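Raw contents of target-v5.cif, mmCIF, C-alpha atoms and all ligand atoms:
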data_data
#
loop_
_atom_site.label_atom_id
_atom_site.label_comp_id
_atom_site.auth_asym_id
_atom_site.auth_seq_id
_atom_site.Cartn_x
_atom_site.Cartn_y
_atom_site.Cartn_z
CA PRO A 1 22.29 2.48 -9.65
CA ARG A 2 18.81 3.90 -9.93
CA HIS A 3 16.11 1.24 -10.38
CA LEU A 4 12.54 1.33 -11.71
CA LEU A 5 10.49 -0.80 -9.33
CA SER A 6 7.29 1.23 -9.21
CA ILE A 7 5.82 4.48 -10.54
CA ALA A 8 6.19 5.62 -6.91
CA ASP A 9 9.95 5.91 -7.66
CA LEU A 10 9.31 8.76 -10.11
CA ALA A 11 8.72 12.46 -9.56
CA PRO A 12 5.59 13.70 -11.37
CA ALA A 13 7.72 15.56 -13.94
CA GLU A 14 9.78 12.40 -14.55
CA LEU A 15 6.68 10.35 -15.30
CA THR A 16 5.59 13.06 -17.72
CA THR A 17 9.01 12.98 -19.40
CA LEU A 18 8.99 9.18 -19.74
CA VAL A 19 5.57 9.30 -21.41
CA ARG A 20 6.61 12.17 -23.68
CA ASN A 21 9.83 10.42 -24.68
CA ALA A 22 7.85 7.26 -25.45
CA HIS A 23 5.62 9.34 -27.72
CA ARG A 24 8.58 11.07 -29.35
CA HIS A 25 10.36 7.78 -30.11
CA LYS A 26 7.14 6.24 -31.38
CA THR A 27 6.58 9.12 -33.78
CA ALA A 28 10.17 9.12 -35.01
CA ILE A 29 10.52 5.38 -35.49
CA LYS A 30 7.09 4.99 -37.10
CA ALA A 31 7.72 7.89 -39.52
CA ALA A 32 8.21 7.08 -43.20
CA THR A 33 11.98 6.75 -42.84
CA GLY A 34 11.60 4.45 -39.81
CA GLU A 35 15.04 5.40 -38.55
CA VAL A 36 16.06 4.82 -34.96
CA PRO A 37 16.70 8.26 -33.37
CA HIS A 38 20.36 9.19 -32.97
CA ALA A 39 20.21 9.08 -29.14
CA LEU A 40 19.09 5.44 -29.22
CA ARG A 41 21.10 4.10 -32.13
CA GLY A 42 23.74 1.69 -30.84
CA ALA A 43 23.18 2.99 -27.29
CA LEU A 44 23.40 -0.58 -25.93
CA ALA A 45 25.77 -1.99 -28.57
CA GLY A 46 27.85 -4.83 -27.20
CA LYS A 47 25.77 -4.98 -24.01
CA THR A 48 23.61 -7.74 -22.60
CA VAL A 49 20.44 -7.24 -20.58
CA ALA A 50 19.32 -10.15 -18.38
CA MET A 51 15.59 -10.86 -18.67
CA MET A 52 14.80 -12.82 -15.50
CA PHE A 53 11.17 -13.96 -15.80
CA SER A 54 9.61 -16.30 -13.26
CA LYS A 55 6.17 -16.03 -14.92
CA ARG A 56 4.73 -16.10 -18.43
CA SER A 57 4.71 -12.94 -20.55
CA THR A 58 3.84 -11.88 -24.08
CA ARG A 59 3.81 -8.06 -24.09
CA THR A 60 6.43 -7.36 -21.45
CA ARG A 61 8.91 -9.82 -22.87
CA VAL A 62 8.44 -8.80 -26.51
CA SER A 63 8.45 -5.06 -25.76
CA THR A 64 11.53 -5.07 -23.53
CA GLU A 65 13.50 -7.43 -25.77
CA GLY A 66 12.43 -5.31 -28.75
CA ALA A 67 13.48 -2.11 -27.00
CA ILE A 68 16.92 -3.53 -26.18
CA ALA A 69 17.36 -4.74 -29.77
CA THR A 70 16.33 -1.29 -31.06
CA MET A 71 19.24 0.16 -29.08
CA GLY A 72 21.67 -2.47 -30.40
CA GLY A 73 21.84 -4.53 -27.21
CA SER A 74 21.28 -8.25 -26.66
CA PRO A 75 18.45 -9.35 -24.39
CA MET A 76 19.15 -12.69 -22.69
CA PHE A 77 15.95 -14.43 -21.64
CA LEU A 78 16.29 -16.42 -18.42
CA GLY A 79 13.06 -18.24 -17.61
CA LYS A 80 12.53 -19.93 -14.28
CA ASP A 81 13.59 -23.33 -15.67
CA ASP A 82 16.75 -21.93 -17.26
CA ILE A 83 18.70 -20.63 -14.31
CA GLN A 84 19.76 -21.97 -10.91
CA LEU A 85 17.73 -19.38 -8.97
CA GLY A 86 15.25 -20.87 -6.52
CA VAL A 87 16.51 -24.43 -6.95
CA ASN A 88 20.26 -24.34 -6.41
CA GLU A 89 20.99 -20.67 -5.84
CA SER A 90 19.82 -17.71 -3.77
CA LEU A 91 18.50 -14.40 -5.04
CA TYR A 92 21.47 -12.65 -3.42
CA ASP A 93 24.05 -14.75 -5.31
CA THR A 94 22.04 -14.45 -8.52
CA ALA A 95 21.93 -10.63 -8.20
CA LEU A 96 25.70 -10.42 -7.78
CA VAL A 97 26.43 -12.78 -10.66
CA LEU A 98 23.93 -11.39 -13.19
CA SER A 99 24.85 -7.79 -12.50
CA SER A 100 28.58 -8.54 -12.90
CA MET A 101 28.01 -9.55 -16.52
CA THR A 102 25.14 -7.39 -17.80
CA ALA A 103 24.10 -3.77 -18.29
CA ALA A 104 20.72 -4.20 -16.59
CA ILE A 105 18.25 -6.74 -15.24
CA VAL A 106 14.61 -6.80 -16.29
CA ALA A 107 12.78 -9.00 -13.79
CA ARG A 108 9.28 -10.48 -13.54
CA VAL A 109 8.76 -11.97 -10.11
CA GLY A 110 6.07 -13.15 -7.68
CA PRO A 111 6.48 -11.26 -4.41
CA HIS A 112 7.57 -7.65 -4.81
CA ALA A 113 10.24 -8.26 -2.16
CA ASP A 114 12.08 -10.41 -4.73
CA VAL A 115 12.57 -7.58 -7.20
CA ALA A 116 13.33 -5.17 -4.35
CA ASP A 117 16.01 -7.57 -3.03
CA LEU A 118 17.43 -8.04 -6.49
CA ALA A 119 17.71 -4.25 -6.82
CA LYS A 120 19.32 -3.93 -3.41
CA HIS A 121 22.16 -6.27 -4.35
CA SER A 122 22.50 -5.53 -8.06
CA SER A 123 25.30 -3.31 -9.32
CA VAL A 124 23.26 -2.50 -12.48
CA PRO A 125 19.77 -0.98 -12.90
CA VAL A 126 16.84 -3.32 -12.24
CA ILE A 127 13.54 -2.77 -14.04
CA ASN A 128 10.42 -4.36 -12.59
CA ALA A 129 8.64 -6.28 -15.35
CA LEU A 130 5.70 -7.08 -12.99
CA SER A 131 5.59 -8.07 -9.36
CA ASP A 132 2.56 -8.84 -7.23
CA LEU A 133 2.42 -5.12 -6.34
CA TYR A 134 3.52 -3.03 -9.29
CA HIS A 135 3.78 -2.89 -13.10
CA PRO A 136 5.52 0.40 -13.94
CA LEU A 137 6.15 -0.33 -17.64
CA GLN A 138 2.43 -0.92 -18.10
CA THR A 139 1.59 2.41 -16.46
CA ILE A 140 3.92 4.38 -18.74
CA ALA A 141 2.28 2.73 -21.77
CA ASP A 142 -1.16 3.36 -20.30
CA PHE A 143 -0.62 7.09 -19.86
CA LEU A 144 0.84 7.29 -23.37
CA THR A 145 -2.40 5.67 -24.54
CA VAL A 146 -4.52 8.07 -22.46
CA ALA A 147 -2.54 11.04 -23.84
CA GLU A 148 -3.06 9.84 -27.41
CA THR A 149 -6.76 9.33 -26.80
CA HIS A 150 -7.08 12.78 -25.16
CA PRO A 151 -4.51 14.95 -26.97
CA SER A 152 -3.52 18.26 -25.42
CA THR A 153 -1.50 21.25 -26.53
CA SER A 154 0.15 21.86 -23.17
CA ALA A 155 3.90 22.42 -23.43
CA THR A 156 4.68 21.48 -19.85
CA SER A 157 2.29 18.72 -18.85
CA LEU A 158 0.59 15.87 -20.66
CA GLY A 159 -2.62 17.88 -20.28
CA LEU A 160 -4.45 14.99 -18.64
CA GLU A 161 -5.48 16.94 -15.54
CA GLY A 162 -9.15 16.51 -14.70
CA LEU A 163 -9.67 13.33 -16.75
CA LYS A 164 -11.34 10.52 -14.85
CA ILE A 165 -10.41 6.84 -14.96
CA ALA A 166 -12.85 4.25 -13.59
CA TRP A 167 -11.21 0.95 -12.61
CA ILE A 168 -13.81 -1.80 -12.29
CA GLY A 169 -12.64 -5.18 -10.97
CA ASP A 170 -9.79 -6.58 -8.94
CA ALA A 171 -7.38 -4.45 -6.92
CA ASN A 172 -4.05 -5.65 -8.26
CA ASN A 173 -0.53 -4.77 -9.39
CA VAL A 174 -1.67 -3.03 -12.60
CA LEU A 175 -4.12 -0.85 -10.68
CA TYR A 176 -1.65 0.15 -7.97
CA ASP A 177 0.90 1.74 -10.30
CA LEU A 178 -1.90 3.20 -12.46
CA ALA A 179 -3.42 4.88 -9.40
CA ILE A 180 -0.03 6.18 -8.24
CA GLY A 181 0.60 7.54 -11.75
CA ALA A 182 -2.87 9.12 -11.87
CA MET A 183 -2.17 10.99 -8.63
CA LYS A 184 1.09 12.29 -10.05
CA LEU A 185 -0.48 13.44 -13.33
CA GLY A 186 -3.61 15.08 -11.90
CA VAL A 187 -5.91 12.36 -13.23
CA ASP A 188 -8.87 11.30 -11.07
CA ILE A 189 -9.31 7.58 -10.48
CA SER A 190 -12.28 5.83 -8.94
CA VAL A 191 -11.92 2.19 -8.09
CA ALA A 192 -14.79 -0.27 -7.73
CA THR A 193 -13.87 -3.62 -6.21
CA PRO A 194 -16.11 -6.24 -4.60
CA SER A 195 -16.11 -6.49 -0.84
CA GLY A 196 -13.04 -8.39 0.35
CA TYR A 197 -10.98 -7.43 -2.73
CA GLU A 198 -10.18 -3.82 -1.87
CA ILE A 199 -6.80 -2.08 -2.15
CA PRO A 200 -4.71 -3.04 0.91
CA LYS A 201 -3.95 -0.33 3.42
CA HIS A 202 -0.20 -0.19 2.80
CA ILE A 203 -0.81 0.48 -0.91
CA LYS A 204 -3.38 3.17 -0.14
CA THR A 205 -0.68 4.88 1.89
CA VAL A 206 1.60 4.86 -1.17
CA ILE A 207 -1.20 6.24 -3.37
CA GLU A 208 -1.97 8.98 -0.84
CA HIS A 209 1.71 9.83 -0.56
CA ALA A 210 1.90 10.16 -4.36
CA ALA A 211 -1.03 12.58 -4.21
CA SER A 212 0.56 14.62 -1.44
CA THR A 213 3.78 15.10 -3.41
CA SER A 214 2.15 16.05 -6.69
CA PRO A 215 1.71 19.71 -7.68
CA ARG A 216 -1.79 18.93 -8.99
CA ALA A 217 -2.94 15.61 -7.55
CA GLY A 218 -5.77 13.61 -9.00
CA LYS A 219 -8.69 12.58 -6.80
CA PHE A 220 -8.78 8.99 -5.54
CA ILE A 221 -12.15 7.43 -4.76
CA GLU A 222 -13.08 3.89 -3.71
CA THR A 223 -16.46 2.17 -3.90
CA ARG A 224 -18.01 -1.30 -4.06
CA VAL A 225 -20.52 -0.20 -6.69
CA PRO A 226 -19.30 -0.23 -10.33
CA GLU A 227 -21.94 2.29 -11.42
CA ASP A 228 -20.73 4.82 -8.82
CA ALA A 229 -17.15 4.57 -10.05
CA ILE A 230 -18.24 5.01 -13.66
CA LYS A 231 -20.10 8.30 -13.16
CA ASN A 232 -18.56 10.89 -15.56
CA ALA A 233 -15.59 8.64 -16.35
CA ASP A 234 -13.57 9.27 -19.50
CA ILE A 235 -11.82 5.91 -19.44
CA LEU A 236 -13.05 2.53 -18.18
CA VAL A 237 -10.28 0.11 -17.26
CA THR A 238 -10.07 -3.40 -15.96
CA ASP A 239 -7.73 -6.39 -15.77
CA THR A 240 -8.13 -10.10 -15.16
CA TRP A 241 -9.98 -11.14 -12.01
CA VAL A 242 -7.45 -13.95 -11.51
CA SER A 243 -3.84 -12.81 -11.64
CA MET A 244 -0.97 -15.23 -12.23
CA GLY A 245 -0.46 -17.25 -9.06
CA GLN A 246 -4.13 -16.97 -7.97
CA GLU A 247 -5.39 -19.79 -10.20
CA GLN A 248 -6.59 -21.93 -7.27
CA GLU A 249 -8.96 -19.10 -6.27
CA THR A 250 -10.62 -18.95 -9.70
CA ALA A 251 -14.08 -20.28 -8.76
CA LYS A 252 -14.31 -18.12 -5.64
CA ARG A 253 -13.19 -15.01 -7.49
CA LEU A 254 -15.55 -15.46 -10.45
CA LYS A 255 -18.40 -15.59 -7.96
CA ALA A 256 -17.20 -12.58 -5.93
CA PHE A 257 -16.81 -10.43 -9.06
CA GLU A 258 -20.28 -11.10 -10.47
CA GLY A 259 -21.79 -7.83 -11.70
CA PHE A 260 -18.37 -6.30 -12.37
CA GLN A 261 -18.12 -7.23 -16.06
CA ILE A 262 -17.65 -4.12 -18.20
CA THR A 263 -20.39 -3.84 -20.82
CA ALA A 264 -21.91 -0.92 -22.73
CA GLU A 265 -25.04 -1.30 -20.57
CA LEU A 266 -23.00 -0.93 -17.37
CA ALA A 267 -21.25 2.15 -18.78
CA LYS A 268 -24.63 3.67 -19.65
CA ARG A 269 -26.19 2.82 -16.30
CA GLY A 270 -23.21 4.30 -14.48
CA GLY A 271 -23.29 7.50 -16.55
CA ALA A 272 -19.85 7.39 -18.20
CA LYS A 273 -19.04 10.37 -20.46
CA ASP A 274 -20.41 9.96 -24.00
CA SER A 275 -16.86 9.72 -25.29
CA TRP A 276 -15.71 6.97 -22.86
CA SER A 277 -12.96 4.65 -24.00
CA PHE A 278 -11.89 1.23 -22.76
CA MET A 279 -8.44 0.04 -21.70
CA HIS A 280 -7.06 -3.32 -20.50
CA CYS A 281 -3.41 -4.33 -20.06
CA LEU A 282 -4.11 -7.81 -21.51
CA PRO A 283 -4.20 -10.79 -21.42
CA ARG A 284 -7.99 -10.57 -21.26
CA HIS A 285 -10.65 -13.06 -20.25
CA PRO A 286 -14.28 -12.56 -21.30
CA GLU A 287 -15.62 -12.48 -17.74
CA GLU A 288 -14.18 -9.02 -16.96
CA VAL A 289 -15.28 -7.35 -20.24
CA ASN A 290 -17.62 -8.58 -22.92
CA ASP A 291 -16.66 -8.94 -26.59
CA ASP A 292 -18.77 -5.96 -27.70
CA VAL A 293 -16.70 -3.56 -25.60
CA PHE A 294 -13.37 -5.34 -25.92
CA TYR A 295 -13.49 -5.49 -29.73
CA GLY A 296 -15.71 -2.44 -30.16
CA PRO A 297 -14.87 1.07 -31.38
CA ARG A 298 -14.27 2.48 -27.87
CA SER A 299 -11.57 -0.05 -27.12
CA VAL A 300 -7.95 1.11 -27.39
CA VAL A 301 -6.49 -2.12 -26.03
CA PHE A 302 -4.34 -3.03 -29.03
CA ARG A 303 -2.90 0.48 -29.27
CA GLU A 304 -2.22 0.18 -25.53
CA ALA A 305 -0.43 -3.15 -26.12
CA GLU A 306 1.72 -1.66 -28.91
CA ASN A 307 2.53 1.26 -26.64
CA ARG A 308 4.31 -1.19 -24.36
CA LEU A 309 7.17 -1.16 -26.88
CA TRP A 310 7.48 2.64 -26.88
CA ALA A 311 7.21 2.73 -23.09
CA ALA A 312 9.95 0.10 -22.79
CA ILE A 313 12.23 2.08 -25.11
CA SER A 314 11.66 5.21 -23.04
CA ALA A 315 12.24 3.46 -19.69
CA ILE A 316 15.33 1.55 -20.81
CA GLU A 317 16.80 4.69 -22.36
CA ALA A 318 16.29 6.56 -19.07
CA PHE A 319 17.33 3.88 -16.60
CA VAL A 320 19.96 1.91 -18.53
CA VAL A 321 21.44 4.22 -21.17
CA ASN A 322 21.14 7.46 -19.16
CA LYS A 323 21.67 5.78 -15.74
CA GLY A 324 18.45 7.04 -14.20
CA LYS A 325 18.68 10.58 -15.49
CA ILE A 326 15.22 11.22 -16.92
CA GLN A 327 15.46 14.06 -19.41
N1 LIG A 401 0.26 -6.63 -19.92
C1 LIG A 401 1.26 -7.49 -19.71
O1 LIG A 401 2.18 -7.27 -18.91
O2 LIG A 401 1.22 -8.62 -20.49
P1 LIG A 401 2.21 -9.85 -20.44
O3 LIG A 401 1.91 -10.62 -19.19
O4 LIG A 401 1.87 -10.64 -21.68
O5 LIG A 401 3.62 -9.36 -20.44
N1 LIG A 402 -2.69 -8.68 -12.93
C1 LIG A 402 -2.11 -9.55 -13.93
C2 LIG A 402 -1.34 -8.72 -14.92
C3 LIG A 402 -0.70 -9.48 -16.02
C4 LIG A 402 0.01 -8.61 -16.98
C5 LIG A 402 -1.21 -10.58 -13.25
O1 LIG A 402 -0.49 -10.22 -12.32
O2 LIG A 402 -1.24 -11.73 -13.66
#

For the file at hand, write its structure as structure tokens.
Ligand code: CP
Ligand code: NVA
Amino acid sequence: PRHLLSIADLAPAELTTLVRNAHRHKTAIKAATGEVPHALRGALAGKTVAMMFSKRSTRTRVSTEGAIATMGGSPMFLGKDDIQLGVNESLYDTALVLSSMTAAIVARVGPHADVADLAKHSSVPVINALSDLYHPLQTIADFLTVAETHPSTSATSLGLEGLKIAWIGDANNVLYDLAIGAMKLGVDISVATPSGYEIPKHIKTVIEHAASTSPRAGKFIETRVPEDAIKNADILVTDTWVSMGQEQETAKRLKAFEGFQITAELAKRGGAKDSWSFMHCLPRHPEEVNDDVFYGPRSVVFREAENRLWAAISAIEAFVVNKGKIQ
């Protein structure tokens, strides 16, 4: 089966289609009649999707379970204390057993190798619900949010070419798939991280490869100076400075990231476009963005969170219902 482990798994046109389908389903389901489109109705009736989560989740769990329910399927949540995995049973055995009884596996793991291994041995599609390297469902929702914030009339693309994202903060899983997606969609991304917290080399190779295979690649720039990244940016983005599993490093990280908090003053100093907007995958902590920006009129974070549902519907339709055919 075809799996969704990273945005790197998608051709540029496929990413565009997933974002467009998310938008189409959102529009249809939120219309006055609120009806589930014909193609989705009962598409997973009588089927179970295993939701194997080794870490906490609000958005990813609710959006994927909601998407499966929208298509008539039954999500089965398997938290780390519910199943034998890791205590009495190997990942290999778990992959064989889960995939023998379900239509798909949605998995949130620590090391990316875990979700890659699961996919290798699973006989049904595996969707990465966050690993330490990638968060593809977040990226689909994020580009839907960018497209809604910067609407275009293009019939073939999302019309995002030439926009500039500034990522200010930690180099992490959410950034990596966002940067890969940006390359594929012709969006420029400049990344400001403190010294010692840069994007690792093997991920840069993946980002550069994404650029080299895109018909109109975005530009990718790295700096240690937030203001430099912000210059002419349309969208300012950040995420937590302390990802799940890094809690013991909290004090060290808060110190290293001083000066990286997104504020209106920083945006002004850096010379963001007048129309700049703010995005964050959530959950948010006040150190990476102050309340004025986070709750202010430029922030699209709650639209972005809702878009997780529409992105999940689009991805599950493509990978589970249509078996990896993205159309
Ligand atoms: N953005 C995101 O993935 O949130 P959760 O951890 O709540 O799923
Ligand atoms: N970078 C964060 C994202 C959470 C959705 C983490 O990995 O904890």

Report task. May I ask you to write as a PyMOL selection string all residues lying at most 7 Å from ligand LIG 401 (chain A), with only C-alpha atoms and all ligand atoms counted? Result -> chain A and resi 56-61+130+138+281-283

Would you name the residues within 12 Å of ligand LIG 402 (chain A), counting all atoms listed in the file, and put them as a CSV table (one decimal) with C-alpha atoms, in the coordinates of the input?
chain,number,residue,atom,x,y,z
A,54,SER,CA,9.6,-16.3,-13.3
A,55,LYS,CA,6.2,-16.0,-14.9
A,56,ARG,CA,4.7,-16.1,-18.4
A,57,SER,CA,4.7,-12.9,-20.6
A,58,THR,CA,3.8,-11.9,-24.1
A,59,ARG,CA,3.8,-8.1,-24.1
A,60,THR,CA,6.4,-7.4,-21.4
A,61,ARG,CA,8.9,-9.8,-22.9
A,108,ARG,CA,9.3,-10.5,-13.5
A,109,VAL,CA,8.8,-12.0,-10.1
A,110,GLY,CA,6.1,-13.2,-7.7
A,111,PRO,CA,6.5,-11.3,-4.4
A,112,HIS,CA,7.6,-7.6,-4.8
A,129,ALA,CA,8.6,-6.3,-15.4
A,130,LEU,CA,5.7,-7.1,-13.0
A,131,SER,CA,5.6,-8.1,-9.4
A,132,ASP,CA,2.6,-8.8,-7.2
A,133,LEU,CA,2.4,-5.1,-6.3
A,134,TYR,CA,3.5,-3.0,-9.3
A,135,HIS,CA,3.8,-2.9,-13.1
A,136,PRO,CA,5.5,0.4,-13.9
A,137,LEU,CA,6.2,-0.3,-17.6
A,138,GLN,CA,2.4,-0.9,-18.1
A,139,THR,CA,1.6,2.4,-16.5
A,169,GLY,CA,-12.6,-5.2,-11.0
A,170,ASP,CA,-9.8,-6.6,-8.9
A,171,ALA,CA,-7.4,-4.4,-6.9
A,172,ASN,CA,-4.0,-5.6,-8.3
A,173,ASN,CA,-0.5,-4.8,-9.4
A,174,VAL,CA,-1.7,-3.0,-12.6
A,175,LEU,CA,-4.1,-0.8,-10.7
A,176,TYR,CA,-1.6,0.2,-8.0
A,177,ASP,CA,0.9,1.7,-10.3
A,178,LEU,CA,-1.9,3.2,-12.5
A,238,THR,CA,-10.1,-3.4,-16.0
A,239,ASP,CA,-7.7,-6.4,-15.8
A,240,THR,CA,-8.1,-10.1,-15.2
A,241,TRP,CA,-10.0,-11.1,-12.0
A,242,VAL,CA,-7.4,-14.0,-11.5
A,243,SER,CA,-3.8,-12.8,-11.6
A,244,MET,CA,-1.0,-15.2,-12.2
A,245,GLY,CA,-0.5,-17.2,-9.1
A,246,GLN,CA,-4.1,-17.0,-8.0
A,247,GLU,CA,-5.4,-19.8,-10.2
A,280,HIS,CA,-7.1,-3.3,-20.5
A,281,CYS,CA,-3.4,-4.3,-20.1
A,282,LEU,CA,-4.1,-7.8,-21.5
A,283,PRO,CA,-4.2,-10.8,-21.4
A,284,ARG,CA,-8.0,-10.6,-21.3
A,285,HIS,CA,-10.6,-13.1,-20.2
A,305,ALA,CA,-0.4,-3.2,-26.1
A,308,ARG,CA,4.3,-1.2,-24.4

Report task. Tell me which of A:Val62, A:Ala116, A:Arg20, A:His25 sits closest to Leu5 of chain A, counting only C-alpha atoms. Result ->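 Distance minimum relative to Leu5 of chain A lands on A:Ala116.
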
Report summary line: Separating atom CA of Ala179 of chain A from atom CA of Leu10 of chain A, to the nearest tenth of an Å, is a gap of 13.3 Å

Requested in this report: Just give me the gap between atom CA of Ala43 of chain A and atom CA of Asp82 of chain A in Å, one decimal is fine.
Outcome: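 These two atoms are separated by 27.6 Å.
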
Requested in this report: Write out as number ranges by chain the residues lying within 8 Å of Thr17 of chain A, counting all atoms listed in the file and excluding same-chain residues fewer than 3 positions away.
Outcome: A: 13-14, 20-21, 326-327

Write out the residues from the selection above, keeping C-alpha atoms, as a compact mmCIF listing (two decimals), in the frame of the given file.
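Contents of again-v4.txt, freshly written:
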# COMPACT_ATOMS: atom_id res chain seq x y z
CA ALA A 13 7.72 15.56 -13.94
CA GLU A 14 9.78 12.40 -14.55
CA ARG A 20 6.61 12.17 -23.68
CA ASN A 21 9.83 10.42 -24.68
CA ILE A 326 15.22 11.22 -16.92
CA GLN A 327 15.46 14.06 -19.41

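Of the listed residues (A:Phe278, A:Phe257, A:Trp310, A:Phe319), A:Trp310 comes nearest to Leu144 of chain A; the distances count all atoms listed in the file.
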
Query raised in the report: Can you find the residues with an atom no farther than 8 Å from (23.0, -9.8, -26.1), counting all atoms listed in the file, and report them as a list in words?
Result: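 So the residues meeting the distance criterion are Gly46, Lys47, Thr48, Val49, Gly73, Ser74, Pro75 and Met76 of chain A.
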
**Report entry** Nearest to Ala311 of chain A, chosen from A:Thr145, A:Ser212, A:Thr193, A:Thr153, with all atoms listed in the file counted in the distances
**Finding:** A:Thr145

Query - Best match for closeness to Ile165 of chain A among A:Ala272, A:Ala256, A:Val206, A:Leu96, counting only C-alpha atoms - result: A:Ala272

Requested in this report: Please identify all polymer residues within 8 Å of Arg2 of chain A, counting only C-alpha atoms, omitting same-chain residues fewer than 4 positions from it, and present them as a count of residues only.
Outcome: 5

Query raised in the report: Which value, in Å to one decimal, gives the distance between atom CA of Phe294 of chain A and atom CA of Ala229 of chain A?
Result: 19.1 Å

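Residue nearest Ile168 of chain A within the list A:Ser123, A:Gln248, A:Thr205, A:Thr263: A:Thr263 [criterion: smallest interatomic distance, only C-alpha atoms].
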
Requested in this report: Go through A:Val115, A:Ile68, A:Leu160, A:Val106 and flag the residue nearest Gly42 of chain A, using all atoms listed in the file for the distances.
Outcome: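 Checking each candidate against Gly42 of chain A, we get A:Ile68 as the closest.
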
Padding 5 Å on every side, please: axis-aligned box over the listed atoms of segment 206-210 of chain A, centre and edge lengths to one decimal in Å, as JSON.
{"center_x": 0.0, "center_y": 7.5, "center_z": -2.5, "size_x": 13.9, "size_y": 15.3, "size_z": 13.8}
